[in-house]
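Undergrad: Please read through the structure below; I'll follow up with questions.
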Amino acid sequence: MKFLNEYRDPELAQKYLDEIHKTATKNWTIMEVCGGQTHSLVKNGILSLLPEKIRMVHGPGCPVCVTPLHLIDKAVHLATEKNAILCSFGDMLRVPGSEKSLLEAKAEGADVRILYSPLEAVKIAQENPNKQVVFFAVGFETTAPANALSVIHAQRAGLTNYSILASQVLVPPAMEAVINDDENIIQAFLAAGHVCTIMGLSEYEPLVEKYKIPMVVTGFEPIDLLQGILMTVRQLEKGEYKLENQYSRVVKPEGNPEAQKVIKQVFEVSHREWRGIGEIPLSGYAVKPEFADFDANIKFDIQLEQVKECPDCIAGQVLKGLKKPNECSQFAKKCTPINPLGAPMVSSEGACAAYYHFSPPTPEGEESTILAEVGGQIHD
Amino acid sequence: MQLQCPLPKMDFDVITLGHGSGGLLTHQLLESGVFDVLKNDLLDTQHDGAVFSLEGKMAFSTDSFVISPIFFPGGNIGSLAVHGTVNDLAMCGAIPKYLSLSFIIEEGLPMNDFWEILLSIKVACEEAGVQVITGDTKVVEKGKGDKIFINTTGIGTVPQNANISTKNIKKGDKIIISNSIAAHGIAIMSLREGLSFESEIESDSRALNGIVKTLIERFGEDIHLLRDATRGGLASVLNEIAQFTALGIEISQAKIPLEEQVAGACEILGLDPLYVANEGVFVAFVAPEIADKCVDLLQTQAGSQAAAIVGEVVEAHPKKVVLTSGIGGRRVVSLLPGEQLPRIC
């Protein structure tokens, strides 16, 4: 736990909190871009420790949440109708498709497997030559290198039964979409540390300059977040706007060139639909034509009816930071992790799930509205 | 402790449907296997059930075990099946006496595996001081089970000075965790994911009746509630109690015992240790006056050396468990909607 405990030190956290309280003289609205940051803020109770002047708004950086409905339907279809072994990261399984989630498909007998790495899926393809194996390649720039590498490995091994169903999205275009939204209220960003580990800082400088907005590349531990918030508040208070790197122990200015090379080999930048937000130009990766044999979208011609999202779900506004999860009329009422109306309620990086699971305690004596719904459970 | 008795001569290397038929193969498996290993006066009658007498107040509990993989560091499905029911009885304040033991075996299970499981059951029963006095063996076709499922049901006697009930919990009660959490779940997950660490993480599966007996002898009715934090981990148990009592529970993350290696594995696997299963850890709600003495006593016992007071019962935020994080922030700890699923990044 070395290199982690240092970033969870209570005394150091208090020092940063004191400094934030001292520094903030005006009201500021800051967006943490990544869902991992949202969860850390809520899980560590940081939101309850920040001054009221600082309003943290939760960003679109939850890959599971922005994966379009029709792609989930496709994944379910591949597993149930095409008899494929559908491999996925764990997060994706509970996300509702238009009819069912992958977890429900699994319960009905489909071969759906939870993996930690797409390279395991390549191994499964080697071990099951008579079955099609599809990896649901979801994620931001962070997962793209491993997903690309799986395609390269499969090609090298001469596999004809491996493909990826890609839903790769990119952070900078999403941040730009947030800034350009007519109702935007964001005054500064905590940029996503892990994405920058891969891509470096160069994509963010132009955004800072163009929109004159402070940006601090920030990590995920409590001390990282507090330091990132302090750096952001200092810029805001001084009226400055620049790109700073709080997460320099991990993020190098040039990123990870090897990983970038692998991404470029397999993927090309393309337009992408974001669930809840709509299409953002040049905001994702698609598998290059020369790897079409490994692109499940091309390999399996699946025509599914386009289904509309639940009209009660305000996931789009939550993802753009316009609304907080508990400002949704359905939050913890019609929409719960057991019966989610939208993806942010089920993904472990979703802001709605973070609020649901780790919400700050209500004042003394107030009846819990949240836990009452979960109901009892028969114990062991 | 591991028994190293050789497998008696059997006509098959694997369990077949015939072993569950009630015919000759069943008899061979029972006579030279189960009855011989688990031998005791009540079992030896080989009747449809066991006839016995027990005095006074009793506790009765059942549990089924479907763990995969069936062998894991620190135990196997056999020892787990004994510990599970023994611990459920112990959590009632009872002294476990007798168990029933039912196997549902998938055909094709290697006889050697069955033998190893049976020997573990014997050892676990001896260590916990219980006897298997009745049982059943069924074999299902390949694909209709997962190697072996075990059900155990247990009965025990409750001493006069034990009064364990959720109803006894009061505002101000201290909450004690008996040992470091999350080892069982992480041992299993590491095995499933093929992860290895500098030193192997072992399941904490163990019988807790000895420790509980010592506690009750010493503190009697000041022990208000005992619960083992199995499926769903510490967070789920505390939530169930908060909801049932309509009281609030406060815990402090910094005080929850967690071994560094297990904590590291949780980080790697993306799991919250508060929700990870334990098989040898219990939560005790005790009168505040005895809490420190209780921890002192636990720390002298094998299997509870990391015991600690982690929180208390409050009137504020009824039905909710509120955790003070390592850096002093506060948040609600809720029930999970299902299994913990590893995250993307």
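By order of appearance in the structure tokens: chains A, B, ..., then residues from 1 within every chain, and ligands from 1 in the order shown.
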Write out as a ChimeraX atom specification which residues come within 8 Å of B:Met111 when counting only C-alpha atoms, dropping same-chain ones fewer than 5 positions away.
TA: /B:12-15
Undergrad: Quick one: which chain B residues come within 6 Å of chain A, and what is the nearest atom pair for each with the distance in Å to one decimal, counting only C-alpha atoms, rows ordered by chain and ascending number, as a Markdown table?
TA:
```
| residue | atom | partner | partner_atom | distance |
| --- | --- | --- | --- | --- |
| B:Gly264 | CA | A:Met1 | CA | 5.6 |
| B:Ala316 | CA | A:Glu364 | CA | 4.6 |
| B:His317 | CA | A:Glu364 | CA | 5.3 |
| B:Ser325 | CA | A:Asn44 | CA | 5.3 |
| B:Ile327 | CA | A:Pro10 | CA | 4.2 |
| B:Gly329 | CA | A:Gly45 | CA | 3.8 |
| B:Arg330 | CA | A:Gly45 | CA | 4.7 |
| B:Arg331 | CA | A:Pro360 | CA | 4.5 |
| B:Val332 | CA | A:Phe358 | CA | 5.0 |
| B:Val333 | CA | A:Phe358 | CA | 6.0 |
| B:Ser334 | CA | A:His357 | CA | 5.4 |
| B:Pro337 | CA | A:Ile338 | CA | 5.7 |
| B:Leu341 | CA | A:Gly90 | CA | 4.9 |
| B:Pro342 | CA | A:Gly90 | CA | 4.8 |
| B:Arg343 | CA | A:Asp91 | CA | 5.0 |
| B:Ile344 | CA | A:Phe89 | CA | 5.7 |
```
Undergrad: Between A:Val95, A:Leu149, A:Val134, A:Leu78, which has the minimum distance to A:Leu119 (counting only C-alpha atoms)?
TA: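 The shortest atom-to-atom distance to A:Leu119 comes from A:Leu149.
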Undergrad: Enumerate, as a CSV table (one decimal) with all heavy atoms, in the first residue's frame, the complete set of residues in stretch 261-361 of chain A that a backbone-based DSSP assignment places in helix (DSSP H, G or I).
TA:
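That gives us out-v6.csv:
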```
chain,number,residue,atom,x,y,z
A,261,LYS,N,1.2,4.8,-29.9
A,261,LYS,CA,1.5,4.1,-31.2
A,261,LYS,C,0.6,3.0,-31.5
A,261,LYS,O,0.1,2.8,-32.6
A,261,LYS,CB,3.0,3.6,-31.1
A,261,LYS,CG,3.7,3.6,-32.4
A,261,LYS,CD,5.2,3.5,-32.2
A,261,LYS,CE,5.6,2.0,-32.2
A,261,LYS,NZ,7.0,1.8,-31.8
A,262,VAL,N,0.3,2.2,-30.4
A,262,VAL,CA,-0.6,1.0,-30.6
A,262,VAL,C,-2.0,1.5,-30.9
A,262,VAL,O,-2.6,0.9,-31.8
A,262,VAL,CB,-0.6,0.2,-29.2
A,262,VAL,CG1,-1.6,-0.9,-29.3
A,262,VAL,CG2,0.8,-0.4,-29.0
A,263,ILE,N,-2.4,2.6,-30.2
A,263,ILE,CA,-3.8,3.1,-30.5
A,263,ILE,C,-3.9,3.5,-32.0
A,263,ILE,O,-4.8,3.1,-32.7
A,263,ILE,CB,-4.1,4.3,-29.7
A,263,ILE,CG1,-4.2,4.0,-28.2
A,263,ILE,CG2,-5.4,5.0,-30.1
A,263,ILE,CD1,-4.4,5.1,-27.2
A,264,LYS,N,-2.8,4.2,-32.5
A,264,LYS,CA,-2.9,4.7,-33.9
A,264,LYS,C,-2.8,3.6,-34.9
A,264,LYS,O,-3.3,3.7,-36.0
A,264,LYS,CB,-1.7,5.7,-34.1
A,264,LYS,CG,-2.0,7.1,-33.6
A,264,LYS,CD,-1.0,8.1,-34.0
A,264,LYS,CE,-1.1,9.3,-33.2
A,264,LYS,NZ,0.1,9.9,-32.7
A,265,GLN,N,-2.2,2.5,-34.5
A,265,GLN,CA,-2.0,1.4,-35.4
A,265,GLN,C,-3.4,0.8,-35.7
A,265,GLN,O,-3.7,0.4,-36.8
A,265,GLN,CB,-1.1,0.3,-34.8
A,265,GLN,CG,-0.6,-0.7,-35.7
A,265,GLN,CD,0.3,-1.7,-35.1
A,265,GLN,OE1,0.9,-1.4,-34.0
A,265,GLN,NE2,0.4,-2.9,-35.6
A,266,VAL,N,-4.3,0.7,-34.7
A,266,VAL,CA,-5.5,0.0,-34.8
A,266,VAL,C,-6.7,0.9,-35.0
A,266,VAL,O,-7.7,0.5,-35.7
A,266,VAL,CB,-5.7,-1.0,-33.6
A,266,VAL,CG1,-7.1,-1.6,-33.6
A,266,VAL,CG2,-4.6,-2.0,-33.5
A,289,PRO,N,-10.1,0.4,-41.2
A,289,PRO,CA,-10.6,-0.6,-42.2
A,289,PRO,C,-9.7,-1.8,-42.3
A,289,PRO,O,-10.1,-2.9,-42.5
A,289,PRO,CB,-10.6,0.2,-43.5
A,289,PRO,CG,-10.7,1.7,-43.0
A,289,PRO,CD,-10.0,1.8,-41.7
A,290,GLU,N,-8.3,-1.6,-42.2
A,290,GLU,CA,-7.4,-2.8,-42.4
A,290,GLU,C,-7.6,-3.8,-41.3
A,290,GLU,O,-7.1,-4.9,-41.4
A,290,GLU,CB,-6.0,-2.3,-42.5
A,290,GLU,CG,-5.4,-1.5,-41.4
A,290,GLU,CD,-5.4,0.0,-41.8
A,290,GLU,OE1,-6.4,0.5,-42.3
A,290,GLU,OE2,-4.4,0.6,-41.6
A,291,PHE,N,-8.3,-3.5,-40.2
A,291,PHE,CA,-8.6,-4.4,-39.2
A,291,PHE,C,-10.0,-4.8,-39.1
A,291,PHE,O,-10.5,-5.3,-38.1
A,291,PHE,CB,-8.1,-3.9,-37.8
A,291,PHE,CG,-6.6,-3.8,-37.6
A,291,PHE,CD1,-6.0,-2.6,-37.8
A,291,PHE,CD2,-5.9,-4.9,-37.3
A,291,PHE,CE1,-4.6,-2.5,-37.7
A,291,PHE,CE2,-4.5,-4.8,-37.2
A,291,PHE,CZ,-3.9,-3.6,-37.4
A,292,ALA,N,-10.7,-4.6,-40.2
A,292,ALA,CA,-12.2,-4.8,-40.3
A,292,ALA,C,-12.6,-6.2,-39.8
A,292,ALA,O,-13.6,-6.4,-39.2
A,292,ALA,CB,-12.7,-4.6,-41.7
A,293,ASP,N,-11.7,-7.2,-40.1
A,293,ASP,CA,-12.0,-8.6,-39.6
A,293,ASP,C,-12.2,-8.7,-38.1
A,293,ASP,O,-12.7,-9.7,-37.6
A,293,ASP,CB,-10.9,-9.6,-40.1
A,293,ASP,CG,-10.9,-9.7,-41.6
A,293,ASP,OD1,-11.9,-9.3,-42.2
A,293,ASP,OD2,-9.9,-10.3,-42.1
A,294,PHE,N,-11.6,-7.7,-37.4
A,294,PHE,CA,-11.6,-7.8,-36.0
A,294,PHE,C,-12.6,-6.8,-35.4
A,294,PHE,O,-12.6,-6.5,-34.2
A,294,PHE,CB,-10.2,-7.5,-35.4
A,294,PHE,CG,-9.2,-8.5,-35.9
A,294,PHE,CD1,-8.4,-8.3,-37.0
A,294,PHE,CD2,-9.0,-9.7,-35.2
A,294,PHE,CE1,-7.5,-9.2,-37.5
A,294,PHE,CE2,-8.1,-10.6,-35.6
A,294,PHE,CZ,-7.4,-10.4,-36.8
A,296,ALA,N,-16.3,-6.1,-34.7
A,296,ALA,CA,-17.6,-6.8,-34.5
A,296,ALA,C,-18.7,-6.1,-35.2
A,296,ALA,O,-19.7,-6.7,-35.7
A,296,ALA,CB,-17.9,-7.0,-33.1
A,297,ASN,N,-18.6,-4.8,-35.3
A,297,ASN,CA,-19.6,-3.9,-36.0
A,297,ASN,C,-19.7,-4.3,-37.4
A,297,ASN,O,-20.8,-4.2,-38.0
A,297,ASN,CB,-19.2,-2.5,-35.9
A,297,ASN,CG,-20.1,-1.8,-34.8
A,297,ASN,OD1,-21.2,-2.0,-34.7
A,297,ASN,ND2,-19.4,-0.9,-34.0
A,298,ILE,N,-18.6,-4.7,-38.1
A,298,ILE,CA,-18.6,-5.0,-39.5
A,298,ILE,C,-18.8,-6.5,-39.7
A,298,ILE,O,-19.5,-7.0,-40.5
A,298,ILE,CB,-17.3,-4.5,-40.1
A,298,ILE,CG1,-17.3,-3.0,-40.1
A,298,ILE,CG2,-17.1,-5.0,-41.5
A,298,ILE,CD1,-16.0,-2.4,-40.5
A,299,LYS,N,-18.1,-7.3,-38.8
A,299,LYS,CA,-18.1,-8.7,-39.0
A,299,LYS,C,-19.5,-9.3,-38.8
A,299,LYS,O,-19.9,-10.2,-39.6
A,299,LYS,CB,-17.2,-9.3,-37.8
A,299,LYS,CG,-16.9,-10.7,-38.0
A,299,LYS,CD,-15.8,-11.0,-37.0
A,299,LYS,CE,-15.5,-12.5,-37.0
A,299,LYS,NZ,-14.3,-12.8,-36.0
A,315,ALA,N,-29.9,11.8,-17.6
A,315,ALA,CA,-28.5,11.4,-17.6
A,315,ALA,C,-27.6,12.4,-18.4
A,315,ALA,O,-26.5,12.8,-18.0
A,315,ALA,CB,-28.3,10.0,-18.2
A,316,GLY,N,-28.2,12.9,-19.5
A,316,GLY,CA,-27.4,13.8,-20.3
A,316,GLY,C,-27.1,15.1,-19.6
A,316,GLY,O,-25.9,15.6,-19.6
A,317,GLN,N,-28.1,15.6,-18.8
A,317,GLN,CA,-27.8,16.8,-18.0
A,317,GLN,C,-26.8,16.6,-16.9
A,317,GLN,O,-26.0,17.4,-16.6
A,317,GLN,CB,-29.1,17.4,-17.5
A,317,GLN,CG,-29.9,18.1,-18.5
A,317,GLN,CD,-31.3,18.3,-18.1
A,317,GLN,OE1,-32.1,17.3,-18.0
A,317,GLN,NE2,-31.7,19.5,-17.7
A,318,VAL,N,-26.9,15.4,-16.3
A,318,VAL,CA,-26.0,15.0,-15.2
A,318,VAL,C,-24.5,14.9,-15.8
A,318,VAL,O,-23.6,15.4,-15.3
A,318,VAL,CB,-26.4,13.7,-14.6
A,318,VAL,CG1,-25.3,13.2,-13.6
A,318,VAL,CG2,-27.7,13.9,-13.8
A,319,LEU,N,-24.4,14.3,-17.0
A,319,LEU,CA,-23.1,14.0,-17.6
A,319,LEU,C,-22.5,15.4,-18.0
A,319,LEU,O,-21.3,15.5,-18.1
A,319,LEU,CB,-23.2,13.1,-18.8
A,319,LEU,CG,-23.5,11.6,-18.5
A,319,LEU,CD1,-24.0,10.9,-19.7
A,319,LEU,CD2,-22.3,11.0,-17.8
A,325,PRO,N,-27.1,14.6,-9.5
A,325,PRO,CA,-28.0,13.4,-9.5
A,325,PRO,C,-29.2,13.6,-8.6
A,325,PRO,O,-30.3,13.2,-9.0
A,325,PRO,CB,-27.0,12.3,-9.0
A,325,PRO,CG,-25.7,12.7,-9.4
A,325,PRO,CD,-25.7,14.2,-9.3
A,326,ASN,N,-29.0,14.2,-7.4
A,326,ASN,CA,-30.1,14.3,-6.5
A,326,ASN,C,-31.1,15.4,-6.9
A,326,ASN,O,-32.1,15.6,-6.2
A,326,ASN,CB,-29.6,14.4,-5.0
A,326,ASN,CG,-28.6,15.5,-4.9
A,326,ASN,OD1,-28.3,16.2,-5.8
A,326,ASN,ND2,-28.1,15.7,-3.6
A,327,GLU,N,-30.7,16.1,-7.9
A,327,GLU,CA,-31.7,17.1,-8.4
A,327,GLU,C,-32.7,16.5,-9.5
A,327,GLU,O,-33.5,17.2,-10.0
A,327,GLU,CB,-30.9,18.3,-9.1
A,327,GLU,CG,-30.2,19.1,-8.1
A,327,GLU,CD,-29.2,20.1,-8.7
A,327,GLU,OE1,-29.1,20.2,-9.9
A,327,GLU,OE2,-28.5,20.7,-7.9
A,343,ALA,N,-27.8,4.8,-17.3
A,343,ALA,CA,-26.5,4.1,-17.0
A,343,ALA,C,-25.8,4.7,-15.8
A,343,ALA,O,-25.2,4.0,-15.0
A,343,ALA,CB,-25.6,4.2,-18.2
A,344,PRO,N,-25.9,6.1,-15.6
A,344,PRO,CA,-25.1,6.6,-14.4
A,344,PRO,C,-25.5,6.0,-13.1
A,344,PRO,O,-24.8,6.2,-12.1
A,344,PRO,CB,-25.4,8.1,-14.5
A,344,PRO,CG,-25.7,8.4,-15.9
A,344,PRO,CD,-26.5,7.1,-16.4
A,345,MET,N,-26.7,5.4,-13.0
A,345,MET,CA,-27.1,4.8,-11.7
A,345,MET,C,-26.5,3.5,-11.5
A,345,MET,O,-26.5,3.0,-10.4
A,345,MET,CB,-28.7,4.7,-11.8
A,345,MET,CG,-29.3,4.3,-10.4
A,345,MET,SD,-28.7,5.2,-9.0
A,345,MET,CE,-30.1,6.3,-8.7
A,351,ALA,N,-22.1,9.1,-11.7
A,351,ALA,CA,-22.4,10.1,-10.6
A,351,ALA,C,-23.6,9.7,-9.8
A,351,ALA,O,-23.6,9.8,-8.6
A,351,ALA,CB,-22.5,11.4,-11.2
A,352,CYS,N,-24.7,9.2,-10.5
A,352,CYS,CA,-25.9,8.9,-9.8
A,352,CYS,C,-25.6,7.7,-8.8
A,352,CYS,O,-26.1,7.7,-7.7
A,352,CYS,CB,-27.0,8.5,-10.8
A,352,CYS,SG,-27.4,9.8,-11.9
A,353,ALA,N,-24.9,6.7,-9.2
A,353,ALA,CA,-24.5,5.6,-8.4
A,353,ALA,C,-23.7,6.1,-7.2
A,353,ALA,O,-23.9,5.7,-6.0
A,353,ALA,CB,-23.8,4.5,-9.1
A,354,ALA,N,-22.8,7.0,-7.4
A,354,ALA,CA,-21.9,7.5,-6.4
A,354,ALA,C,-22.8,8.2,-5.3
A,354,ALA,O,-22.6,8.0,-4.1
A,354,ALA,CB,-20.9,8.5,-6.9
A,355,TYR,N,-23.8,9.0,-5.8
A,355,TYR,CA,-24.7,9.7,-4.8
A,355,TYR,C,-25.5,8.7,-4.1
A,355,TYR,O,-25.8,8.9,-2.9
A,355,TYR,CB,-25.5,10.7,-5.6
A,355,TYR,CG,-24.9,12.1,-5.7
A,355,TYR,CD1,-23.7,12.2,-6.3
A,355,TYR,CD2,-25.5,13.2,-5.1
A,355,TYR,CE1,-23.0,13.5,-6.4
A,355,TYR,CE2,-24.9,14.4,-5.2
A,355,TYR,CZ,-23.6,14.6,-5.8
A,355,TYR,OH,-23.0,15.8,-5.9
A,356,TYR,N,-26.0,7.7,-4.8
A,356,TYR,CA,-26.9,6.7,-4.2
A,356,TYR,C,-26.2,5.9,-3.1
A,356,TYR,O,-26.7,5.8,-2.0
A,356,TYR,CB,-27.4,5.8,-5.3
A,356,TYR,CG,-28.6,4.9,-4.7
A,356,TYR,CD1,-29.9,5.3,-4.9
A,356,TYR,CD2,-28.3,3.7,-4.0
A,356,TYR,CE1,-30.9,4.5,-4.5
A,356,TYR,CE2,-29.3,3.0,-3.5
A,356,TYR,CZ,-30.6,3.4,-3.8
A,356,TYR,OH,-31.7,2.6,-3.3
A,357,HIS,N,-25.0,5.5,-3.4
A,357,HIS,CA,-24.3,4.6,-2.5
A,357,HIS,C,-23.6,5.3,-1.3
A,357,HIS,O,-23.5,4.9,-0.2
A,357,HIS,CB,-23.2,3.7,-3.2
A,357,HIS,CG,-23.8,2.7,-4.1
A,357,HIS,ND1,-24.7,1.7,-3.6
A,357,HIS,CD2,-23.7,2.5,-5.4
A,357,HIS,CE1,-25.1,1.0,-4.6
A,357,HIS,NE2,-24.5,1.4,-5.7
A,358,PHE,N,-23.0,6.5,-1.7
A,358,PHE,CA,-22.2,7.2,-0.7
A,358,PHE,C,-22.7,8.5,-0.3
A,358,PHE,O,-22.0,9.4,0.2
A,358,PHE,CB,-20.8,7.4,-1.3
A,358,PHE,CG,-20.2,6.1,-1.8
A,358,PHE,CD1,-19.6,6.1,-3.1
A,358,PHE,CD2,-20.1,5.0,-1.1
A,358,PHE,CE1,-19.0,5.0,-3.6
A,358,PHE,CE2,-19.5,3.8,-1.6
A,358,PHE,CZ,-19.0,3.9,-2.9
```
Undergrad: Go through B:Gly328, B:Ala242, B:Gly23, B:Ile148 and flag the residue nearest B:Pro110, using only C-alpha atoms for the distances.
TA: B:Ile148
Undergrad: Might you pull out every residue within 12 Å of B:Ser199, with only C-alpha atoms counted and same-chain residues fewer than 6 positions away left off, and present them as a VMD selection string?
TA: chain B and resid 73 187 260 to 262 265
Undergrad: For B:Glu221, please output as a count of residues only all residues within 9 Å (counting only C-alpha atoms; exclusion window: fewer than 3 positions along the same chain).
TA: 8
Undergrad: Find the residues near A:Ala121: any atom within 10 Å, counting only C-alpha atoms, skip ones fewer than 2 places away on the same chain, and give them as number ranges by chain.
TA: A: 85-88, 113-119, 123-127, 133-136, 150, 154, 162-164
Undergrad: Kindly indicate which residue among B:Leu234, B:Ala128, B:Glu289, B:Gly311 lies nearest to B:Ala254, using only C-alpha atoms for the distances.
TA: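 Residue with the minimum atom-to-atom distance to B:Ala254: B:Gly311.
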Undergrad: Would you please give, as JSON, numbers by chain, all residues of stretch 74-316 of chain A that DSSP assigns to strand (DSSP E or B) based on the backbone?
TA: {"A": [85, 86, 87, 88, 112, 113, 114, 133, 134, 135, 136, 137, 138, 139, 162, 163, 164, 165, 166, 167, 168, 169, 188, 189, 190, 191, 192, 215, 216, 217, 218, 243, 244, 245, 267, 268, 269, 270, 271, 272, 273, 274, 278, 279, 280, 281, 282, 283, 284, 285, 286, 287, 295]}
Undergrad: Grab the atom CA of B:Leu258 to atom CA of B:Ile223 distance for me, in Å with one decimal place.
TA: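 Interatomic distance here is 23.6 Å.
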Undergrad: Neighbouring residues of A:Val33 were defined as those with any atom within 9 Å, considering only C-alpha atoms; residues of the same chain fewer than 2 positions away were excluded. Please report them as a list in words.
TA: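 Here the answer would be Met31, Gly35, Gly36, Gln37, Thr38, Val57, His58, Gly59, Pro60, Gly61, Cys62, Val171, Met175, Phe189, Leu190, Ala191 and Ala192 of chain A.
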Undergrad: Write the residues of the selection above to a file with all heavy atoms, as a CSV table (one decimal), in the first residue's frame.
TA:
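Here's the written file out-v2.csv:
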```csv
chain,number,residue,atom,x,y,z
A,31,MET,N,-15.6,21.4,-12.4
A,31,MET,CA,-16.0,20.1,-12.9
A,31,MET,C,-14.8,19.1,-12.8
A,31,MET,O,-13.7,19.4,-13.3
A,31,MET,CB,-16.5,20.1,-14.3
A,31,MET,CG,-16.8,18.7,-14.9
A,31,MET,SD,-17.4,18.6,-16.6
A,31,MET,CE,-19.1,18.8,-16.3
A,35,GLY,N,-15.2,10.0,-13.9
A,35,GLY,CA,-16.1,9.3,-12.9
A,35,GLY,C,-15.3,8.7,-11.7
A,35,GLY,O,-15.9,8.7,-10.6
A,36,GLY,N,-14.1,8.3,-12.0
A,36,GLY,CA,-13.3,7.8,-10.9
A,36,GLY,C,-13.0,8.9,-9.8
A,36,GLY,O,-13.0,8.6,-8.6
A,37,GLN,N,-12.8,10.1,-10.3
A,37,GLN,CA,-12.6,11.2,-9.4
A,37,GLN,C,-13.9,11.5,-8.6
A,37,GLN,O,-13.9,11.7,-7.4
A,37,GLN,CB,-12.2,12.5,-10.2
A,37,GLN,CG,-10.8,12.3,-10.8
A,37,GLN,CD,-10.5,13.4,-11.8
A,37,GLN,OE1,-11.4,14.0,-12.5
A,37,GLN,NE2,-9.3,13.8,-11.9
A,38,THR,N,-15.1,11.4,-9.3
A,38,THR,CA,-16.4,11.7,-8.7
A,38,THR,C,-16.5,10.7,-7.5
A,38,THR,O,-16.9,11.1,-6.4
A,38,THR,CB,-17.5,11.4,-9.7
A,38,THR,OG1,-17.3,12.3,-10.8
A,38,THR,CG2,-18.9,11.8,-9.0
A,57,VAL,N,-18.9,19.8,-9.7
A,57,VAL,CA,-19.9,19.3,-10.7
A,57,VAL,C,-19.2,18.1,-11.4
A,57,VAL,O,-18.0,18.1,-11.7
A,57,VAL,CB,-20.2,20.5,-11.7
A,57,VAL,CG1,-21.0,19.9,-12.8
A,57,VAL,CG2,-21.0,21.6,-11.0
A,58,HIS,N,-20.0,17.1,-11.6
A,58,HIS,CA,-19.5,15.8,-12.0
A,58,HIS,C,-19.6,15.7,-13.5
A,58,HIS,O,-20.6,16.0,-14.1
A,58,HIS,CB,-20.2,14.7,-11.3
A,58,HIS,CG,-20.4,15.1,-9.8
A,58,HIS,ND1,-19.4,15.5,-9.0
A,58,HIS,CD2,-21.6,15.1,-9.1
A,58,HIS,CE1,-19.9,15.8,-7.8
A,58,HIS,NE2,-21.2,15.6,-7.9
A,59,GLY,N,-18.5,15.3,-14.1
A,59,GLY,CA,-18.3,15.3,-15.6
A,59,GLY,C,-18.8,14.1,-16.3
A,59,GLY,O,-19.3,13.1,-15.7
A,60,PRO,N,-18.5,14.1,-17.6
A,60,PRO,CA,-18.9,13.0,-18.5
A,60,PRO,C,-18.0,11.8,-18.5
A,60,PRO,O,-18.2,10.9,-19.3
A,60,PRO,CB,-19.0,13.7,-19.9
A,60,PRO,CG,-17.9,14.7,-19.8
A,60,PRO,CD,-17.8,15.1,-18.4
A,61,GLY,N,-17.0,11.8,-17.6
A,61,GLY,CA,-15.9,10.8,-17.7
A,61,GLY,C,-16.3,9.4,-17.2
A,61,GLY,O,-15.6,8.8,-16.4
A,62,CYS,N,-17.4,8.9,-17.6
A,62,CYS,CA,-17.9,7.6,-17.2
A,62,CYS,C,-18.1,6.8,-18.5
A,62,CYS,O,-19.2,7.0,-19.1
A,62,CYS,CB,-19.1,7.7,-16.3
A,62,CYS,SG,-20.0,6.1,-16.1
A,171,VAL,N,-11.7,12.2,-24.3
A,171,VAL,CA,-12.1,13.2,-23.3
A,171,VAL,C,-12.1,14.6,-23.9
A,171,VAL,O,-13.1,15.4,-23.6
A,171,VAL,CB,-11.2,13.0,-22.1
A,171,VAL,CG1,-11.3,14.3,-21.2
A,171,VAL,CG2,-11.6,11.8,-21.3
A,175,MET,N,-15.0,17.6,-23.2
A,175,MET,CA,-14.9,18.8,-22.4
A,175,MET,C,-15.3,20.0,-23.2
A,175,MET,O,-15.9,20.9,-22.7
A,175,MET,CB,-13.4,18.9,-21.9
A,175,MET,CG,-13.0,17.9,-20.9
A,175,MET,SD,-11.3,17.8,-20.6
A,175,MET,CE,-11.0,19.2,-19.6
A,189,PHE,N,-11.7,23.1,-14.7
A,189,PHE,CA,-11.7,21.6,-14.8
A,189,PHE,C,-10.6,21.0,-14.0
A,189,PHE,O,-9.5,21.4,-14.0
A,189,PHE,CB,-11.5,21.2,-16.2
A,189,PHE,CG,-12.6,21.4,-17.2
A,189,PHE,CD1,-12.6,22.4,-18.1
A,189,PHE,CD2,-13.7,20.5,-17.1
A,189,PHE,CE1,-13.7,22.6,-19.0
A,189,PHE,CE2,-14.8,20.7,-18.0
A,189,PHE,CZ,-14.8,21.7,-18.9
A,190,LEU,N,-11.0,19.8,-13.3
A,190,LEU,CA,-10.0,18.9,-12.9
A,190,LEU,C,-9.9,17.9,-14.1
A,190,LEU,O,-10.9,17.1,-14.3
A,190,LEU,CB,-10.3,18.1,-11.6
A,190,LEU,CG,-10.6,19.0,-10.4
A,190,LEU,CD1,-10.8,18.0,-9.2
A,190,LEU,CD2,-9.4,19.9,-10.0
A,191,ALA,N,-8.8,17.9,-14.8
A,191,ALA,CA,-8.8,16.9,-16.0
A,191,ALA,C,-8.4,15.5,-15.5
A,191,ALA,O,-7.9,15.4,-14.4
A,191,ALA,CB,-7.7,17.4,-17.0
A,192,ALA,N,-8.8,14.5,-16.3
A,192,ALA,CA,-8.7,13.1,-15.9
A,192,ALA,C,-7.3,12.6,-15.9
A,192,ALA,O,-6.7,12.5,-17.0
A,192,ALA,CB,-9.6,12.3,-16.8
```
Undergrad: Could you work out how far atom CA of B:Gln243 lies from atom CA of B:Ile177, giving the answer in Å with one decimal?
TA: 19.1 Å
Undergrad: What separation in Å, quoted to one decimal, exists between atom CA of B:Ile241 and atom CA of B:Thr324?
TA: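 Result for atom CA of B:Ile241 versus atom CA of B:Thr324: 18.4 Å, one decimal.
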